[in-house]
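Colleague: Here it is: the structure, laid out below.
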Amino acid sequence: MGVATATVDAMVTNFGCRHSDIVVAVGPSVGACCFTLDKEQAADFITLHPDCVPDPESAKPHVDIRLANRVLLQQCGILPDHIHDNMVMDRPSVTPCTSCNPEDFFSHVRDGVNFGTQVGFLWMTVEQGGAPGSQTGREEGL
Ligand SMILES: [Zn+2]
């Protein structure tokens, strides 16, 4: 837990981005339908938000790591409407479960050590002479 918020912190601290300008898209990833942890590990997610673990009494509770990321991102200042994940219903989904879709995605959860590689990315807009995240300017791929 915490990679997304560490990324936001780095964008704000190192590049001068404003939290209100950051937009997050959670791409294909394992869903709560397929991701389980031991009870002790799941407890951290229950502490974060009870809805992150829909079956807390199970010996291997399912864990919604997408929701956990949403909660953490909102706690660090990302606007709820700026997070595009499986909870967004008014736009096409960009967050299919990698484990449920073997024809489309690798999945460490499903395939174990024989999984493949997927790529994530971010970009920032940079205004000439201004701070990243400004409304105008060119896009810089990172
Ligand atoms: Zn699934």
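Following the order of the structure tokens, first chain is A, next is B, and so on, with residues numbered from 1 inside each chain and ligands from 1 in the order they appear.
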Per residue of chain A within 9 Å of ligand 1, note the shortest atom pair and the distance in Å to one decimal, counting only C-alpha atoms and all ligand atoms, and order the rows by chain and increasing residue number, as a tab-separated table.
Modeller:
residue	atom	partner	partner_atom_place_in_ligand_line	distance
A:Ser29	CA	ligand 1	1 (Zn)	8.7
A:Val30	CA	ligand 1	1 (Zn)	6.0
A:Gly31	CA	ligand 1	1 (Zn)	4.9
A:Ala32	CA	ligand 1	1 (Zn)	6.6
A:Cys33	CA	ligand 1	1 (Zn)	4.4
A:Cys34	CA	ligand 1	1 (Zn)	4.2
A:Phe35	CA	ligand 1	1 (Zn)	7.4
A:Pro96	CA	ligand 1	1 (Zn)	8.1
A:Cys97	CA	ligand 1	1 (Zn)	4.7
A:Thr98	CA	ligand 1	1 (Zn)	6.6
A:Ser99	CA	ligand 1	1 (Zn)	4.9
A:Cys100	CA	ligand 1	1 (Zn)	4.1
A:Asn101	CA	ligand 1	1 (Zn)	7.6
Colleague: For the residues in the current selection, export N, CA and C atoms as an mmCIF file, in the first residue's frame.
Modeller:
data_model
loop_
_atom_site.group_PDB
_atom_site.id
_atom_site.type_symbol
_atom_site.label_atom_id
_atom_site.label_comp_id
_atom_site.auth_asym_id
_atom_site.auth_seq_id
_atom_site.Cartn_x
_atom_site.Cartn_y
_atom_site.Cartn_z
ATOM 1 N N SER A 29 -6.253 -4.214 -13.397
ATOM 2 C CA SER A 29 -5.628 -4.645 -12.145
ATOM 3 C C SER A 29 -6.496 -5.730 -11.520
ATOM 4 N N VAL A 30 -5.934 -6.444 -10.578
ATOM 5 C CA VAL A 30 -6.708 -7.516 -9.963
ATOM 6 C C VAL A 30 -7.849 -6.922 -9.127
ATOM 7 N N GLY A 31 -9.022 -7.479 -9.295
ATOM 8 C CA GLY A 31 -10.186 -7.009 -8.556
ATOM 9 C C GLY A 31 -10.375 -7.765 -7.255
ATOM 10 N N ALA A 32 -11.268 -7.267 -6.431
ATOM 11 C CA ALA A 32 -11.584 -7.958 -5.176
ATOM 12 C C ALA A 32 -12.166 -9.346 -5.437
ATOM 13 N N CYS A 33 -12.689 -9.563 -6.645
ATOM 14 C CA CYS A 33 -13.230 -10.876 -7.023
ATOM 15 C C CYS A 33 -12.161 -11.962 -6.971
ATOM 16 N N CYS A 34 -10.908 -11.597 -7.158
ATOM 17 C CA CYS A 34 -9.829 -12.584 -7.301
ATOM 18 C C CYS A 34 -8.677 -12.394 -6.323
ATOM 19 N N PHE A 35 -8.682 -11.339 -5.546
ATOM 20 C CA PHE A 35 -7.530 -11.060 -4.686
ATOM 21 C C PHE A 35 -7.875 -11.338 -3.229
ATOM 22 N N PRO A 96 -10.640 -3.274 -15.889
ATOM 23 C CA PRO A 96 -11.049 -4.677 -15.819
ATOM 24 C C PRO A 96 -10.130 -5.467 -14.888
ATOM 25 N N CYS A 97 -10.659 -6.586 -14.401
ATOM 26 C CA CYS A 97 -9.851 -7.457 -13.539
ATOM 27 C C CYS A 97 -8.885 -8.248 -14.410
ATOM 28 N N THR A 98 -7.607 -8.136 -14.125
ATOM 29 C CA THR A 98 -6.597 -8.853 -14.907
ATOM 30 C C THR A 98 -6.710 -10.359 -14.719
ATOM 31 N N SER A 99 -7.092 -10.790 -13.538
ATOM 32 C CA SER A 99 -7.177 -12.227 -13.271
ATOM 33 C C SER A 99 -8.382 -12.859 -13.961
ATOM 34 N N CYS A 100 -9.473 -12.128 -14.105
ATOM 35 C CA CYS A 100 -10.688 -12.643 -14.756
ATOM 36 C C CYS A 100 -10.592 -12.622 -16.285
ATOM 37 N N ASN A 101 -9.599 -11.977 -16.836
ATOM 38 C CA ASN A 101 -9.509 -11.786 -18.283
ATOM 39 C C ASN A 101 -8.181 -12.305 -18.833
#
Colleague: In segment 2-126 of chain A, what's strand (DSSP E or B) per DSSP? Answer as a ChimeraX atom specification?
Modeller: /A:24-25,29,36,62,83-84,97,123-126
Colleague: A:Cys76, A:Leu122, A:Met89, A:Ala42: which is nearest Val63 of chain A, counting only C-alpha atoms?
Modeller: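 Result for the nearest residue to Val63 of chain A: A:Ala42.
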Colleague: If we count only C-alpha atoms and set the cut-off at 12 Å, which residues sit around Gln74 of chain A, ignoring sequence neighbours fewer than 4 positions away in its own chain? Please answer as a list in words.
Modeller: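 My reading of the contact set: Ala4, Thr5, Val8, His19, Ser20, Ile22, Val23, Val24, Leu48, Leu67, Ala68, Asn69, Arg70, Ile78, Leu79, Pro80, Asp81, His82 and Ile83 of chain A.
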Colleague: Export, as a PDB file, in the first residue's frame, the selected residues with C-alpha atoms.
Modeller:
ATOM      1  CA  ALA A   4      -0.031   5.814  -5.479  1.00  0.00           C
ATOM      2  CA  THR A   5       0.225   8.312  -2.653  1.00  0.00           C
ATOM      3  CA  VAL A   8       1.352  12.015  -5.713  1.00  0.00           C
ATOM      4  CA  HIS A  19      -3.449  18.109  -5.848  1.00  0.00           C
ATOM      5  CA  SER A  20      -6.529  19.633  -7.471  1.00  0.00           C
ATOM      6  CA  ILE A  22      -3.980  15.607 -10.619  1.00  0.00           C
ATOM      7  CA  VAL A  23      -6.164  13.075 -12.428  1.00  0.00           C
ATOM      8  CA  VAL A  24      -5.740   9.359 -11.713  1.00  0.00           C
ATOM      9  CA  LEU A  48      -8.131   1.833   6.113  1.00  0.00           C
ATOM     10  CA  LEU A  67     -10.854   0.894  -3.263  1.00  0.00           C
ATOM     11  CA  ALA A  68      -7.860   1.053  -0.931  1.00  0.00           C
ATOM     12  CA  ASN A  69      -6.028   3.152  -3.514  1.00  0.00           C
ATOM     13  CA  ARG A  70      -9.071   5.410  -3.944  1.00  0.00           C
ATOM     14  CA  ILE A  78      -6.963  13.945  -4.896  1.00  0.00           C
ATOM     15  CA  LEU A  79     -10.494  14.998  -5.807  1.00  0.00           C
ATOM     16  CA  PRO A  80     -12.925  12.035  -5.877  1.00  0.00           C
ATOM     17  CA  ASP A  81     -14.110  12.972  -9.379  1.00  0.00           C
ATOM     18  CA  HIS A  82     -10.486  12.925 -10.565  1.00  0.00           C
ATOM     19  CA  ILE A  83     -10.107   9.201  -9.841  1.00  0.00           C
TER      20      ILE A  83
END
Colleague: Measuring between only C-alpha atoms, which one of A:Gly112, A:Pro102, A:Pro50, A:Gly77 shows the shortest distance to Arg18 of chain A?
Modeller: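 Among the listed residues, the smallest separation from Arg18 of chain A belongs to A:Gly77.
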Colleague: Return the single residue from A:Met124, A:Ile65, A:Val119, A:Val26 that is closest to Asp44 of chain A, with distances computed using only C-alpha atoms.
Modeller: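 Comparing A:Met124, A:Ile65, A:Val119, A:Val26 against Asp44 of chain A, the winner is A:Ile65.
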Colleague: What does the distance between atom CA of Pro28 of chain A and atom CA of Val94 of chain A come to in Å, to one decimal place?
Modeller: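 Value for the atom CA of Pro28 of chain A-atom CA of Val94 of chain A distance: 6.5 Å.
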Colleague: Please report, as a PDB file with N, CA and C atoms, in the first residue's frame, each residue of chain A to which DSSP assigns helix (DSSP H, G or I) when run on this structure's backbone.
Modeller:
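The result, stored in out_27.pdb:
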ATOM      1  N   VAL A   3       1.979   3.151  -2.889  1.00  0.00           N
ATOM      2  CA  VAL A   3       2.709   3.563  -4.093  1.00  0.00           C
ATOM      3  C   VAL A   3       2.020   4.758  -4.754  1.00  0.00           C
ATOM      4  N   ALA A   4       0.697   4.718  -4.832  1.00  0.00           N
ATOM      5  CA  ALA A   4      -0.031   5.814  -5.479  1.00  0.00           C
ATOM      6  C   ALA A   4       0.159   7.125  -4.723  1.00  0.00           C
ATOM      7  N   THR A   5       0.074   7.068  -3.412  1.00  0.00           N
ATOM      8  CA  THR A   5       0.225   8.312  -2.653  1.00  0.00           C
ATOM      9  C   THR A   5       1.679   8.791  -2.661  1.00  0.00           C
ATOM     10  N   ALA A   6       2.624   7.877  -2.703  1.00  0.00           N
ATOM     11  CA  ALA A   6       4.031   8.275  -2.825  1.00  0.00           C
ATOM     12  C   ALA A   6       4.268   8.966  -4.163  1.00  0.00           C
ATOM     13  N   THR A   7       3.588   8.502  -5.206  1.00  0.00           N
ATOM     14  CA  THR A   7       3.702   9.133  -6.521  1.00  0.00           C
ATOM     15  C   THR A   7       3.125  10.543  -6.474  1.00  0.00           C
ATOM     16  N   VAL A   8       1.960  10.682  -5.849  1.00  0.00           N
ATOM     17  CA  VAL A   8       1.352  12.015  -5.713  1.00  0.00           C
ATOM     18  C   VAL A   8       2.279  12.926  -4.915  1.00  0.00           C
ATOM     19  N   ASP A   9       2.807  12.425  -3.811  1.00  0.00           N
ATOM     20  CA  ASP A   9       3.709  13.239  -2.986  1.00  0.00           C
ATOM     21  C   ASP A   9       4.916  13.698  -3.804  1.00  0.00           C
ATOM     22  N   ALA A  10       5.476  12.804  -4.623  1.00  0.00           N
ATOM     23  CA  ALA A  10       6.626  13.173  -5.457  1.00  0.00           C
ATOM     24  C   ALA A  10       6.234  14.215  -6.499  1.00  0.00           C
ATOM     25  N   MET A  11       5.036  14.072  -7.078  1.00  0.00           N
ATOM     26  CA  MET A  11       4.583  15.055  -8.069  1.00  0.00           C
ATOM     27  C   MET A  11       4.424  16.435  -7.437  1.00  0.00           C
ATOM     28  N   VAL A  12       3.906  16.473  -6.227  1.00  0.00           N
ATOM     29  CA  VAL A  12       3.682  17.754  -5.539  1.00  0.00           C
ATOM     30  C   VAL A  12       5.013  18.337  -5.065  1.00  0.00           C
ATOM     31  N   THR A  13       5.828  17.508  -4.428  1.00  0.00           N
ATOM     32  CA  THR A  13       7.073  17.985  -3.837  1.00  0.00           C
ATOM     33  C   THR A  13       8.141  18.314  -4.886  1.00  0.00           C
ATOM     34  N   ASN A  14       8.302  17.429  -5.844  1.00  0.00           N
ATOM     35  CA  ASN A  14       9.415  17.576  -6.788  1.00  0.00           C
ATOM     36  C   ASN A  14       9.069  18.355  -8.048  1.00  0.00           C
ATOM     37  N   PHE A  15       7.774  18.387  -8.393  1.00  0.00           N
ATOM     38  CA  PHE A  15       7.408  19.034  -9.651  1.00  0.00           C
ATOM     39  C   PHE A  15       6.413  20.179  -9.479  1.00  0.00           C
ATOM     40  N   HIS A  19      -2.573  19.278  -6.022  1.00  0.00           N
ATOM     41  CA  HIS A  19      -3.449  18.109  -5.848  1.00  0.00           C
ATOM     42  C   HIS A  19      -4.711  18.224  -6.692  1.00  0.00           C
ATOM     43  N   SER A  20      -5.260  19.433  -6.762  1.00  0.00           N
ATOM     44  CA  SER A  20      -6.529  19.633  -7.471  1.00  0.00           C
ATOM     45  C   SER A  20      -6.384  19.469  -8.985  1.00  0.00           C
ATOM     46  N   ASP A  21      -5.160  19.461  -9.495  1.00  0.00           N
ATOM     47  CA  ASP A  21      -4.939  19.279 -10.934  1.00  0.00           C
ATOM     48  C   ASP A  21      -4.645  17.826 -11.311  1.00  0.00           C
ATOM     49  N   LYS A  39      -5.951 -13.306   6.902  1.00  0.00           N
ATOM     50  CA  LYS A  39      -6.732 -12.405   7.759  1.00  0.00           C
ATOM     51  C   LYS A  39      -5.880 -11.293   8.368  1.00  0.00           C
ATOM     52  N   GLU A  40      -4.670 -11.650   8.784  1.00  0.00           N
ATOM     53  CA  GLU A  40      -3.811 -10.666   9.433  1.00  0.00           C
ATOM     54  C   GLU A  40      -3.429  -9.556   8.459  1.00  0.00           C
ATOM     55  N   GLN A  41      -3.151  -9.930   7.210  1.00  0.00           N
ATOM     56  CA  GLN A  41      -2.796  -8.927   6.198  1.00  0.00           C
ATOM     57  C   GLN A  41      -4.017  -8.083   5.823  1.00  0.00           C
ATOM     58  N   ALA A  42      -5.165  -8.700   5.767  1.00  0.00           N
ATOM     59  CA  ALA A  42      -6.386  -7.982   5.399  1.00  0.00           C
ATOM     60  C   ALA A  42      -6.776  -6.963   6.466  1.00  0.00           C
ATOM     61  N   ALA A  43      -6.343  -7.179   7.690  1.00  0.00           N
ATOM     62  CA  ALA A  43      -6.714  -6.268   8.785  1.00  0.00           C
ATOM     63  C   ALA A  43      -6.272  -4.837   8.495  1.00  0.00           C
ATOM     64  N   ASP A  44      -5.125  -4.660   7.850  1.00  0.00           N
ATOM     65  CA  ASP A  44      -4.670  -3.302   7.515  1.00  0.00           C
ATOM     66  C   ASP A  44      -5.656  -2.608   6.581  1.00  0.00           C
ATOM     67  N   PHE A  45      -6.244  -3.375   5.675  1.00  0.00           N
ATOM     68  CA  PHE A  45      -7.201  -2.798   4.725  1.00  0.00           C
ATOM     69  C   PHE A  45      -8.522  -2.485   5.414  1.00  0.00           C
ATOM     70  N   ILE A  46      -8.919  -3.312   6.391  1.00  0.00           N
ATOM     71  CA  ILE A  46     -10.133  -3.028   7.164  1.00  0.00           C
ATOM     72  C   ILE A  46      -9.948  -1.736   7.941  1.00  0.00           C
ATOM     73  N   THR A  47      -8.758  -1.558   8.486  1.00  0.00           N
ATOM     74  CA  THR A  47      -8.466  -0.326   9.223  1.00  0.00           C
ATOM     75  C   THR A  47      -8.556   0.880   8.300  1.00  0.00           C
ATOM     76  N   LEU A  48      -8.072   0.736   7.079  1.00  0.00           N
ATOM     77  CA  LEU A  48      -8.131   1.833   6.113  1.00  0.00           C
ATOM     78  C   LEU A  48      -9.580   2.187   5.790  1.00  0.00           C
ATOM     79  N   PRO A  50     -13.497  -0.197   6.017  1.00  0.00           N
ATOM     80  CA  PRO A  50     -14.124  -1.531   6.139  1.00  0.00           C
ATOM     81  C   PRO A  50     -14.592  -2.113   4.805  1.00  0.00           C
ATOM     82  N   ASP A  51     -15.004  -1.272   3.864  1.00  0.00           N
ATOM     83  CA  ASP A  51     -15.477  -1.784   2.572  1.00  0.00           C
ATOM     84  C   ASP A  51     -14.355  -2.400   1.725  1.00  0.00           C
ATOM     85  N   CYS A  52     -13.114  -2.192   2.112  1.00  0.00           N
ATOM     86  CA  CYS A  52     -11.990  -2.798   1.369  1.00  0.00           C
ATOM     87  C   CYS A  52     -11.957  -4.312   1.530  1.00  0.00           C
ATOM     88  N   ILE A  65      -8.175  -3.812  -3.498  1.00  0.00           N
ATOM     89  CA  ILE A  65      -7.032  -2.897  -3.477  1.00  0.00           C
ATOM     90  C   ILE A  65      -7.291  -1.644  -4.312  1.00  0.00           C
ATOM     91  N   ARG A  66      -8.231  -1.725  -5.223  1.00  0.00           N
ATOM     92  CA  ARG A  66      -8.599  -0.517  -5.981  1.00  0.00           C
ATOM     93  C   ARG A  66      -9.264   0.493  -5.047  1.00  0.00           C
ATOM     94  N   LEU A  67     -10.202   0.006  -4.229  1.00  0.00           N
ATOM     95  CA  LEU A  67     -10.854   0.894  -3.263  1.00  0.00           C
ATOM     96  C   LEU A  67      -9.822   1.437  -2.278  1.00  0.00           C
ATOM     97  N   ALA A  68      -8.906   0.592  -1.846  1.00  0.00           N
ATOM     98  CA  ALA A  68      -7.860   1.053  -0.931  1.00  0.00           C
ATOM     99  C   ALA A  68      -7.072   2.201  -1.561  1.00  0.00           C
ATOM    100  N   ASN A  69      -6.746   2.065  -2.839  1.00  0.00           N
ATOM    101  CA  ASN A  69      -6.028   3.152  -3.514  1.00  0.00           C
ATOM    102  C   ASN A  69      -6.886   4.403  -3.595  1.00  0.00           C
ATOM    103  N   ARG A  70      -8.178   4.236  -3.887  1.00  0.00           N
ATOM    104  CA  ARG A  70      -9.071   5.410  -3.944  1.00  0.00           C
ATOM    105  C   ARG A  70      -9.092   6.120  -2.590  1.00  0.00           C
ATOM    106  N   VAL A  71      -9.262   5.361  -1.521  1.00  0.00           N
ATOM    107  CA  VAL A  71      -9.320   5.958  -0.183  1.00  0.00           C
ATOM    108  C   VAL A  71      -8.022   6.700   0.118  1.00  0.00           C
ATOM    109  N   LEU A  72      -6.896   6.069  -0.158  1.00  0.00           N
ATOM    110  CA  LEU A  72      -5.601   6.701   0.117  1.00  0.00           C
ATOM    111  C   LEU A  72      -5.408   7.958  -0.734  1.00  0.00           C
ATOM    112  N   LEU A  73      -5.782   7.882  -2.008  1.00  0.00           N
ATOM    113  CA  LEU A  73      -5.629   9.043  -2.889  1.00  0.00           C
ATOM    114  C   LEU A  73      -6.507  10.197  -2.418  1.00  0.00           C
ATOM    115  N   GLN A  74      -7.742   9.901  -2.019  1.00  0.00           N
ATOM    116  CA  GLN A  74      -8.622  10.953  -1.522  1.00  0.00           C
ATOM    117  C   GLN A  74      -8.082  11.531  -0.209  1.00  0.00           C
ATOM    118  N   GLN A  75      -7.522  10.676   0.642  1.00  0.00           N
ATOM    119  CA  GLN A  75      -6.962  11.163   1.904  1.00  0.00           C
ATOM    120  C   GLN A  75      -5.783  12.103   1.673  1.00  0.00           C
ATOM    121  N   PRO A  80     -12.254  13.302  -5.546  1.00  0.00           N
ATOM    122  CA  PRO A  80     -12.925  12.035  -5.877  1.00  0.00           C
ATOM    123  C   PRO A  80     -13.295  11.912  -7.351  1.00  0.00           C
ATOM    124  N   ASP A  81     -13.738  13.011  -7.960  1.00  0.00           N
ATOM    125  CA  ASP A  81     -14.110  12.972  -9.379  1.00  0.00           C
ATOM    126  C   ASP A  81     -12.903  12.869 -10.300  1.00  0.00           C
ATOM    127  N   HIS A  82     -11.712  13.017  -9.768  1.00  0.00           N
ATOM    128  CA  HIS A  82     -10.486  12.925 -10.565  1.00  0.00           C
ATOM    129  C   HIS A  82      -9.875  11.529 -10.514  1.00  0.00           C
ATOM    130  N   HIS A 108      -0.310 -11.811 -12.041  1.00  0.00           N
ATOM    131  CA  HIS A 108       0.521 -12.510 -11.062  1.00  0.00           C
ATOM    132  C   HIS A 108      -0.349 -13.338 -10.124  1.00  0.00           C
ATOM    133  N   VAL A 109      -1.506 -12.812  -9.756  1.00  0.00           N
ATOM    134  CA  VAL A 109      -2.419 -13.542  -8.860  1.00  0.00           C
ATOM    135  C   VAL A 109      -2.876 -14.837  -9.517  1.00  0.00           C
ATOM    136  N   ARG A 110      -3.222 -14.793 -10.773  1.00  0.00           N
ATOM    137  CA  ARG A 110      -3.738 -15.967 -11.484  1.00  0.00           C
ATOM    138  C   ARG A 110      -2.617 -16.905 -11.923  1.00  0.00           C
ATOM    139  N   ASP A 111      -1.515 -16.353 -12.451  1.00  0.00           N
ATOM    140  CA  ASP A 111      -0.482 -17.153 -13.106  1.00  0.00           C
ATOM    141  C   ASP A 111       0.730 -17.459 -12.242  1.00  0.00           C
ATOM    142  N   GLY A 112       0.826 -16.864 -11.073  1.00  0.00           N
ATOM    143  CA  GLY A 112       1.974 -17.096 -10.227  1.00  0.00           C
ATOM    144  C   GLY A 112       3.241 -16.536 -10.841  1.00  0.00           C
ATOM    145  N   VAL A 113       4.341 -17.276 -10.703  1.00  0.00           N
ATOM    146  CA  VAL A 113       5.635 -16.750 -11.146  1.00  0.00           C
ATOM    147  C   VAL A 113       5.764 -16.690 -12.663  1.00  0.00           C
ATOM    148  N   ASN A 114       4.857 -17.311 -13.384  1.00  0.00           N
ATOM    149  CA  ASN A 114       4.928 -17.290 -14.847  1.00  0.00           C
ATOM    150  C   ASN A 114       4.126 -16.133 -15.448  1.00  0.00           C
TER     151      ASN A 114
END
